[in-house]
>>> print(open('structure_8.txt').read())   # compact mmCIF, C-alpha atoms
# COMPACT_ATOMS: atom_id res chain seq x y z
CA MET A 1 183.44 86.79 -75.33
CA SER A 2 186.87 87.11 -73.75
CA GLU A 3 188.38 90.31 -72.42
CA GLU A 4 190.95 90.23 -75.22
CA GLU A 5 188.24 90.12 -77.91
CA PHE A 6 186.36 92.95 -76.25
CA SER A 7 189.52 95.11 -76.21
CA ARG A 8 190.10 94.34 -79.87
CA CYS A 9 186.60 95.59 -80.77
CA ILE A 10 187.21 98.83 -78.87
CA GLN A 11 190.49 99.32 -80.72
CA ILE A 12 188.82 98.74 -84.10
CA LEU A 13 186.10 101.25 -83.23
CA ARG A 14 188.66 103.88 -82.28
CA GLN A 15 190.52 103.32 -85.54
CA GLN A 16 187.29 103.73 -87.51
CA ILE A 17 186.49 107.00 -85.72
CA GLU A 18 190.00 108.35 -86.32
CA ALA A 19 189.81 107.38 -89.98
CA LEU A 20 186.43 109.13 -90.29
CA GLN A 21 187.75 112.28 -88.70
CA LYS A 22 190.69 112.37 -91.10
CA TYR A 23 188.38 111.69 -94.02
CA ILE A 24 186.02 114.53 -93.08
CA ILE A 25 188.93 116.92 -92.79
CA LEU A 26 190.39 115.93 -96.13
CA ASN A 27 187.07 115.49 -97.94
CA PRO A 28 184.51 117.87 -96.49
CA ARG A 29 182.27 117.55 -99.56
CA GLN A 30 181.79 113.73 -99.62
CA PRO A 31 178.50 113.10 -97.70
CA GLN A 32 178.00 109.58 -99.15
CA GLN A 33 181.30 108.31 -97.83
CA VAL A 34 180.61 109.99 -94.46
CA ALA A 35 177.22 108.28 -94.23
CA GLU A 36 178.77 104.87 -94.97
CA ALA A 37 181.43 105.45 -92.33
CA MET A 38 178.77 106.41 -89.80
CA GLN A 39 176.88 103.22 -90.60
CA GLN A 40 180.03 101.21 -89.91
CA ILE A 41 180.46 103.02 -86.61
CA ASP A 42 176.84 102.33 -85.67
CA ALA A 43 177.32 98.66 -86.45
CA SER A 44 180.46 98.60 -84.33
CA LEU A 45 178.60 100.35 -81.50
CA ASP A 46 175.85 97.72 -81.72
CA THR A 47 178.46 94.99 -81.56
CA LEU A 48 180.07 96.70 -78.60
CA HIS A 49 176.72 96.90 -76.85
CA VAL A 50 176.11 93.17 -77.40
CA LEU A 51 179.57 92.39 -76.07
CA SER A 52 178.95 94.55 -73.05
CA GLU A 53 175.75 92.65 -72.27
CA GLN A 54 177.54 89.33 -72.68
CA ILE A 55 180.27 90.43 -70.30
CA HIS A 56 177.71 91.61 -67.79
CA SER A 57 175.85 88.30 -68.05
CA SER A 58 179.12 86.40 -67.66
CA LEU A 59 180.00 88.42 -64.55
CA GLU A 60 176.61 87.62 -63.03
CA THR A 61 177.07 83.92 -63.81
CA MET A 62 180.54 84.00 -62.30
CA GLN A 63 179.17 85.63 -59.19
CA VAL A 64 176.52 82.91 -58.83
CA ILE A 65 179.15 80.21 -59.32
CA GLN A 66 181.42 81.86 -56.79
CA GLU A 67 178.61 81.97 -54.24
CA GLN A 68 177.85 78.31 -54.88
CA LEU A 69 181.50 77.42 -54.48
CA LEU A 70 181.65 79.32 -51.21
CA GLU A 71 178.58 77.49 -49.96
CA GLN A 72 180.08 74.16 -51.03
CA ASP A 73 183.38 75.02 -49.32
CA GLU A 74 181.52 75.82 -46.11
CA TYR A 75 179.56 72.56 -46.35
CA LEU A 76 182.71 70.54 -46.99
CA ALA A 77 184.47 72.25 -44.08
CA GLU A 78 181.55 71.41 -41.79
CA GLU A 79 181.48 67.81 -43.01
CA ARG A 80 185.24 67.50 -42.59
CA GLN A 81 184.99 68.81 -39.04
CA ARG A 82 182.12 66.42 -38.32
CA TYR A 83 184.06 63.38 -39.55
CA TYR A 84 187.18 64.56 -37.78
CA ASP A 85 185.25 64.80 -34.52
CA LEU A 86 183.83 61.30 -35.09
CA PHE A 87 187.36 60.01 -35.70
CA GLU A 88 188.98 61.95 -32.87
CA PHE A 89 186.41 61.18 -30.16
CA ALA A 90 185.44 57.63 -31.22
CA PRO A 91 185.40 55.15 -28.32
CA ASP A 92 187.57 52.68 -30.25
CA ALA A 93 191.15 53.23 -31.36
CA TYR A 94 191.51 54.23 -35.00
CA LEU A 95 194.68 54.69 -37.04
CA LEU A 96 195.57 55.72 -40.57
CA THR A 97 198.84 54.21 -41.78
CA ASP A 98 200.76 54.04 -45.01
CA THR A 99 201.07 50.74 -46.86
CA GLN A 100 204.06 49.79 -44.68
CA GLY A 101 202.15 50.29 -41.45
CA VAL A 102 203.70 53.64 -40.47
CA ILE A 103 201.11 55.65 -38.51
CA LEU A 104 199.90 58.83 -40.23
CA LEU A 105 196.93 59.69 -37.99
CA ALA A 106 195.80 58.46 -34.57
CA ASN A 107 192.76 59.37 -32.48
CA ARG A 108 192.58 59.88 -28.73
CA ALA A 109 191.40 56.34 -28.04
CA ALA A 110 194.50 55.02 -29.83
CA GLY A 111 196.71 57.13 -27.62
CA ALA A 112 194.95 55.83 -24.53
CA LEU A 113 195.14 52.22 -25.75
CA PHE A 114 198.87 52.40 -26.41
CA ASN A 115 199.49 54.53 -23.29
CA VAL A 116 201.02 57.48 -25.17
CA LEU A 117 199.89 60.85 -26.49
CA PRO A 118 198.30 60.52 -29.96
CA ASN A 119 200.89 62.87 -31.50
CA PHE A 120 203.63 60.54 -30.30
CA LEU A 121 202.21 57.79 -32.49
CA ILE A 122 202.56 59.81 -35.70
CA GLY A 123 205.46 58.54 -37.77
CA LYS A 124 205.89 55.38 -35.69
CA PRO A 125 205.59 51.93 -37.32
CA LEU A 126 202.63 50.10 -35.81
CA ILE A 127 204.81 46.98 -35.62
CA ASN A 128 206.74 48.71 -32.81
CA PHE A 129 203.75 47.94 -30.58
CA VAL A 130 203.75 44.23 -31.46
CA PRO A 131 205.80 41.91 -29.21
CA GLU A 132 209.05 41.02 -30.93
CA ALA A 133 208.25 37.30 -30.99
CA GLU A 134 205.09 37.98 -33.04
CA ARG A 135 206.30 40.74 -35.36
CA TRP A 136 206.91 38.32 -38.21
CA VAL A 137 203.21 37.37 -38.08
CA PHE A 138 202.18 41.02 -38.36
CA ARG A 139 204.68 41.62 -41.15
CA ASN A 140 203.41 38.64 -43.14
CA LYS A 141 199.80 39.80 -42.77
CA LEU A 142 200.74 43.32 -43.88
CA ASN A 143 202.70 42.09 -46.91
CA GLU A 144 199.91 39.73 -47.94
CA PHE A 145 197.30 42.49 -47.60
CA SER A 146 199.39 44.91 -49.68
CA SER A 147 200.12 42.42 -52.45
CA LEU A 148 196.52 41.23 -52.90
CA TYR A 149 193.42 43.14 -53.95
CA SER A 150 191.98 42.77 -50.47
CA SER A 151 188.84 44.16 -48.95
CA VAL A 152 188.31 44.66 -45.22
CA GLN A 153 190.11 42.05 -43.12
CA GLU A 154 190.07 41.23 -39.41
CA TRP A 155 193.37 40.28 -37.80
CA GLU A 156 194.03 39.04 -34.30
CA ILE A 157 197.45 39.77 -32.84
CA ARG A 158 199.06 40.65 -29.54
CA MET A 159 199.80 44.35 -28.99
CA CYS A 160 202.14 45.83 -26.40
CA PRO A 161 201.38 49.36 -25.11
CA ARG A 162 204.15 51.56 -23.81
CA ARG A 163 205.14 50.60 -20.25
CA SER A 164 202.16 48.26 -19.92
CA GLN A 165 201.19 44.62 -20.29
CA PRO A 166 200.49 43.14 -23.75
CA PHE A 167 196.88 42.52 -24.71
CA ASP A 168 195.01 40.48 -27.32
CA ALA A 169 193.89 42.84 -30.08
CA SER A 170 191.45 42.57 -32.96
CA LEU A 171 192.49 44.74 -35.91
CA LEU A 172 189.91 45.71 -38.53
CA VAL A 173 191.99 46.68 -41.58
CA ALA A 174 190.44 48.52 -44.54
CA PRO A 175 192.26 49.63 -47.72
CA VAL A 176 192.33 53.19 -49.05
CA ARG A 177 192.88 53.36 -52.82
CA ASP A 178 193.44 56.18 -55.30
CA PRO A 179 191.35 56.64 -58.50
CA PHE A 180 193.65 54.13 -60.24
CA ARG A 181 192.82 51.50 -57.55
CA THR A 182 196.36 51.61 -56.19
CA LEU A 183 196.66 50.99 -52.45
CA VAL A 184 197.83 54.23 -50.80
CA SER A 185 197.05 53.77 -47.09
CA LEU A 186 195.28 51.63 -44.50
CA ARG A 187 192.49 52.43 -42.06
CA ILE A 188 192.95 50.30 -38.94
CA GLY A 189 190.59 49.94 -36.00
CA VAL A 190 192.15 48.39 -32.90
CA ARG A 191 190.11 46.78 -30.11
CA ASP A 192 191.30 45.11 -26.92
CA ILE A 193 189.60 41.69 -26.86
CA THR A 194 191.45 40.29 -23.84
CA LYS A 195 188.33 40.33 -21.65
CA TYR A 196 186.20 38.84 -24.41
CA LYS A 197 188.66 35.98 -24.94
CA ALA A 198 188.90 35.38 -21.20
CA ALA A 199 185.11 35.25 -20.89
CA ASN A 200 184.86 32.93 -23.87
CA LEU A 201 187.56 30.65 -22.46
CA GLN A 202 185.86 30.64 -19.07
CA HIS A 203 182.58 29.64 -20.73
CA ILE A 204 184.25 26.77 -22.58
CA GLN A 205 186.02 25.65 -19.40
CA SER A 206 182.83 25.75 -17.38
CA VAL A 207 180.95 23.73 -19.99
CA ALA A 208 183.86 21.27 -20.21
CA GLU A 209 183.82 20.85 -16.42
CA LEU A 210 180.10 20.24 -16.43
CA LEU A 211 180.25 17.69 -19.24
CA PRO A 212 181.51 14.70 -17.20
CA GLU A 213 179.19 15.51 -14.29
CA ALA A 214 176.13 16.22 -16.41
CA ALA A 215 176.56 13.74 -19.22
CA THR A 216 173.03 12.54 -18.65
CA GLN A 217 171.81 16.11 -19.23
CA LEU A 218 173.95 16.83 -22.27
CA LEU A 219 173.34 13.51 -23.95
CA PRO A 220 169.60 14.04 -24.36
CA LEU A 221 170.30 17.45 -25.90
CA ALA A 222 172.72 15.98 -28.38
CA ALA A 223 170.48 13.02 -29.01
CA ALA A 224 167.73 15.42 -30.03
CA VAL A 225 169.48 15.84 -33.39
CA GLU A 226 167.53 14.00 -36.03
CA THR A 227 170.08 11.66 -37.58
CA PRO A 228 168.41 8.81 -39.48
CA LEU A 229 171.75 7.05 -39.80
CA SER A 230 174.03 6.29 -36.86
CA LEU A 231 177.14 8.39 -36.32
CA ASP A 232 178.99 5.45 -34.72
CA GLY A 233 182.41 4.98 -36.20
CA LEU A 234 182.45 8.32 -38.03
CA GLN A 235 186.03 9.60 -38.41
CA VAL A 236 186.52 13.33 -37.63
CA LEU A 237 189.80 15.23 -37.78
CA PHE A 238 189.58 18.28 -35.48
CA VAL A 239 192.18 21.10 -35.55
CA ASP A 240 192.34 23.71 -32.75
CA ASP A 241 195.25 25.26 -30.87
CA GLU A 242 193.22 25.70 -27.65
CA ALA A 243 193.33 22.65 -25.38
CA ASP A 244 189.99 23.39 -23.67
CA ALA A 245 188.17 23.67 -26.99
CA ARG A 246 189.72 20.41 -28.21
CA GLU A 247 188.69 18.58 -25.04
CA PHE A 248 185.13 19.91 -25.01
CA ILE A 249 184.32 19.37 -28.68
CA THR A 250 186.03 15.97 -28.65
CA ALA A 251 183.88 14.95 -25.66
CA VAL A 252 180.67 16.09 -27.36
CA LEU A 253 181.48 14.18 -30.55
CA GLU A 254 182.61 11.01 -28.78
CA GLN A 255 179.31 10.89 -26.88
CA HIS A 256 177.75 10.05 -30.26
CA GLY A 257 180.21 7.31 -31.10
CA ILE A 258 182.33 9.55 -33.33
CA TYR A 259 186.04 8.77 -33.43
CA VAL A 260 187.96 12.05 -33.10
CA THR A 261 191.58 12.78 -33.96
CA ALA A 262 192.35 16.15 -32.35
CA VAL A 263 195.50 18.05 -33.34
CA VAL A 264 196.88 21.48 -32.49
CA SER A 265 198.17 22.86 -35.81
CA VAL A 266 197.86 22.80 -39.57
CA ALA A 267 201.19 20.99 -39.91
CA GLU A 268 200.09 18.24 -37.54
CA ALA A 269 196.75 17.89 -39.36
CA LEU A 270 198.55 17.42 -42.70
CA GLU A 271 200.80 14.78 -41.14
CA VAL A 272 197.72 12.87 -39.98
CA LEU A 273 196.20 13.09 -43.46
CA GLU A 274 199.39 11.84 -45.09
CA ARG A 275 199.89 8.81 -42.84
CA SER A 276 196.30 7.84 -41.99
CA SER A 277 193.16 6.96 -43.86
CA ARG A 278 190.86 9.68 -45.13
CA PRO A 279 188.59 11.13 -42.39
CA ASP A 280 184.87 11.51 -43.01
CA VAL A 281 184.83 15.14 -41.82
CA ILE A 282 187.37 17.84 -40.99
CA LEU A 283 186.59 20.47 -38.36
CA SER A 284 188.97 23.38 -37.93
CA ASP A 285 189.35 26.53 -35.91
CA ILE A 286 189.97 29.64 -38.03
CA ARG A 287 192.23 31.70 -35.79
CA MET A 288 195.45 29.79 -35.08
CA PRO A 289 199.09 30.91 -34.85
CA ASP A 290 201.56 30.25 -37.66
CA GLU A 291 198.94 28.94 -40.13
CA ASP A 292 195.21 29.55 -39.78
CA GLY A 293 192.15 27.62 -40.86
CA TYR A 294 192.18 29.25 -44.29
CA ALA A 295 195.69 27.93 -44.90
CA LEU A 296 194.56 24.47 -43.78
CA ILE A 297 191.57 24.26 -46.11
CA LYS A 298 193.70 25.45 -49.04
CA LYS A 299 196.28 22.71 -48.41
CA VAL A 300 193.62 20.09 -47.80
CA ARG A 301 191.97 20.88 -51.15
CA ALA A 302 195.37 20.61 -52.87
CA LEU A 303 195.99 17.25 -51.18
CA GLU A 304 192.54 16.05 -52.27
CA ALA A 305 193.44 16.75 -55.88
CA GLN A 306 196.51 14.50 -55.52
CA LYS A 307 194.77 11.65 -53.72
CA GLY A 308 191.36 11.86 -55.36
CA TRP A 309 189.64 12.60 -52.03
CA GLN A 310 186.63 14.73 -51.22
CA ILE A 311 186.51 15.57 -47.53
CA PRO A 312 183.71 17.86 -46.26
CA ALA A 313 185.00 20.50 -43.84
CA GLY A 314 183.42 22.79 -41.27
CA ALA A 315 184.89 25.95 -39.74
CA ILE A 316 184.53 26.54 -36.00
CA THR A 317 185.42 29.95 -34.60
CA ALA A 318 185.39 31.68 -31.23
CA TYR A 319 185.01 35.14 -32.77
CA LEU A 320 181.64 36.78 -33.26
CA GLY A 321 182.99 38.93 -36.07
CA GLU A 322 184.27 35.98 -38.11
CA ASP A 323 183.06 36.25 -41.69
CA ARG A 324 180.89 33.24 -42.53
CA ALA A 325 180.89 34.14 -46.23
CA LYS A 326 184.69 34.27 -46.26
CA ALA A 327 184.94 30.83 -44.64
CA LEU A 328 182.54 29.31 -47.14
CA SER A 329 184.26 30.92 -50.12
CA ALA A 330 187.62 29.64 -48.85
CA GLY A 331 186.44 26.04 -49.18
CA PHE A 332 184.58 25.17 -45.98
CA GLN A 333 181.10 23.72 -46.45
CA SER A 334 179.80 24.91 -43.08
CA HIS A 335 180.51 27.45 -40.33
CA LEU A 336 179.68 27.36 -36.61
CA HIS A 337 180.49 29.40 -33.52
CA LYS A 338 182.18 27.65 -30.61
CA LEU A 339 179.47 28.90 -28.27
CA ALA A 340 176.80 27.09 -30.25
CA GLU A 341 174.77 24.36 -28.58
CA PRO A 342 176.14 20.78 -28.79
CA THR A 343 173.06 19.87 -30.80
CA GLU A 344 174.10 22.35 -33.49
CA LEU A 345 177.61 20.87 -33.61
CA ILE A 346 176.29 17.32 -33.97
CA ALA A 347 173.83 18.46 -36.63
CA MET A 348 176.62 20.13 -38.61
CA VAL A 349 178.85 17.05 -38.46
CA ALA A 350 175.96 14.77 -39.45
CA GLN A 351 175.10 17.00 -42.38
CA LEU A 352 178.72 17.20 -43.56
CA ALA A 353 179.07 13.42 -43.36
CA GLY A 354 175.83 12.89 -45.25
CA ARG A 355 174.15 11.19 -42.29
CA GLY A 356 171.83 14.00 -41.34
>>> encode(input="structure_8.txt", output="structure tokens")
Amino acid sequence: MSEEEFSRCIQILRQQIEALQKYIILNPRQPQQVAEAMQQIDASLDTLHVLSEQIHSSLETMQVIQEQLLEQDEYLAEERQRYYDLFEFAPDAYLLTDTQGVILLANRAAGALFNVLPNFLIGKPLINFVPEAERWVFRNKLNEFSSLYSSVQEWEIRMCPRRSQPFDASLLVAPVRDPFRTLVSLRIGVRDITKYKAANLQHIQSVAELLPEAATQLLPLAAAVETPLSLDGLQVLFVDDEADAREFITAVLEQHGIYVTAVVSVAEALEVLERSSRPDVILSDIRMPDEDGYALIKKVRALEAQKGWQIPAGAITAYLGEDRAKALSAGFQSHLHKLAEPTELIAMVAQLAGRG
């Protein structure tokens, strides 16, 4: 019962009492009519009593709801503070940007990474911290992410802190969507992977240096792969922008009689495919400038449709966080880390070529 309805009942009761008083004055000798009027008043009083109890019950319910809301507000405030502290004091740099990459929030680690106070980052386009020569790469990635219904992606790009040397960065980019699934902002984690890349490169270089001197040691390892059919004469097209990786993997494959054509880019790989015979296997790095391994496999599959080819392909990556499922769904039949043992590489090639 609303307050308006309750007031209306009170008004009706007052009118009935006033009418009874006037009736008694004008008709003092009409007891039957007086009794009926009193019955109406009693009924109205009963109704008023019921309404009063309903209002009281409603007030109690409202009080309980209000207490629950206050408790929920306190819980949400505590949770918000907890997540804010996790964001603010996280060891890695975290940013919240709009869909154009303009920074909306930045934690302390982000300020330290970019060598500025976190508040200084607010309102600044993240692309300002990308070297000018590579900004088009970042812009393309951002536009592609915004135009597609993307999930979490990992980007690698050079970042340039204020008044400091550029570093190799890994960006973990996650979408934030509204209830209508429209992209409204981006959560971006930034990590300096310069030391990791240097250590990985040093490992590859050290293994490459050992290969000529310890061929007798590496050959038995590679020969341990169970390949019922010989790999002699197998044609492999290998794509990688890093010279050390090309030299090392080429050396491992050639030890098994595999003929390797090693190129540095997607464009060069497509030129080889257009002018040469079909290779038995394609191996490709994922992370490459200009066009990556995903672009290569997409173009290779399109070329296959024109030429009637079917070329098995394997992805080789130097990044521990590379998504194997993403590589396989993109069109690669296999996925291997560059730090894997030579035996694993030979096994993968043999399996792709159908000689394993």
>>> atom_distance(input="structure_8.txt", atom1="CA of Leu270 in chain A", atom2="CA of Glu344 in chain A")
26.6 Å
>>> residues_around(input="structure_8.txt", residues="Ala90 in chain A", least_positions_apart="3", cutoff="9 Å", atoms="all atoms listed in the file", output="PDB file with C-alpha atoms, in the coordinates of the input")
ATOM      1  CA  ASP A  85     185.250  64.800 -34.520  1.00  0.00           C
ATOM      2  CA  LEU A  86     183.830  61.300 -35.090  1.00  0.00           C
ATOM      3  CA  PHE A  87     187.360  60.010 -35.700  1.00  0.00           C
ATOM      4  CA  ALA A  93     191.150  53.230 -31.360  1.00  0.00           C
ATOM      5  CA  TYR A  94     191.510  54.230 -35.000  1.00  0.00           C
ATOM      6  CA  ASN A 107     192.760  59.370 -32.480  1.00  0.00           C
ATOM      7  CA  ARG A 108     192.580  59.880 -28.730  1.00  0.00           C
ATOM      8  CA  ALA A 109     191.400  56.340 -28.040  1.00  0.00           C
TER       9      ALA A 109
END
>>> atom_distance(input="structure_8.txt", atom1="CA of Gly189 in chain A", atom2="CA of Ala169 in chain A")
9.8 Å
>>> atom_distance(input="structure_8.txt", atom1="CA of Leu336 in chain A", atom2="CA of Ile282 in chain A")
13.0 Å
>>> residues_around(input="structure_8.txt", residues="range 40-49 of chain A", least_positions_apart="3", cutoff="8 Å", atoms="only C-alpha atoms", output="PyMOL selection string")
chain A and resi 6+9-10+13+16-17+36-37+52-53
>>> closest_residue(input="structure_8.txt", among="A:Ala350, A:Val190, A:Cys160, A:Arg287", to="Ala106 in chain A", atoms="only C-alpha atoms")
A:Val190
>>> closest_residue(input="structure_8.txt", among="A:Ile286, A:Leu26, A:Val102, A:Val173", to="Thr317 in chain A", atoms="only C-alpha atoms")
A:Ile286
>>> residues_around(input="structure_8.txt", residues="range 296-313 of chain A", least_positions_apart="6", cutoff="8 Å", atoms="only C-alpha atoms", output="list of chain:residue names")
A:Val266, A:Leu270, A:Arg278, A:Pro279, A:Asp280, A:Val281, A:Ile282, A:Leu283, A:Ser284, A:Ala330, A:Gly331, A:Phe332, A:Gln333, A:Ser334, A:Leu352, A:Ala353
>>> closest_residue(input="structure_8.txt", among="A:Val260, A:Leu253, A:Phe167, A:Ile157", to="Leu345 in chain A", atoms="only C-alpha atoms")
A:Leu253
>>> closest_residue(input="structure_8.txt", among="A:Arg246, A:Glu18, A:Glu4, A:Trp155", to="Ile55 in chain A", atoms="only C-alpha atoms")
A:Glu4
>>> residues_around(input="structure_8.txt", residues="Arg162 in chain A", least_positions_apart="4", cutoff="8 Å", atoms="all atoms listed in the file", output="number ranges by chain")
A: 114-116, 129
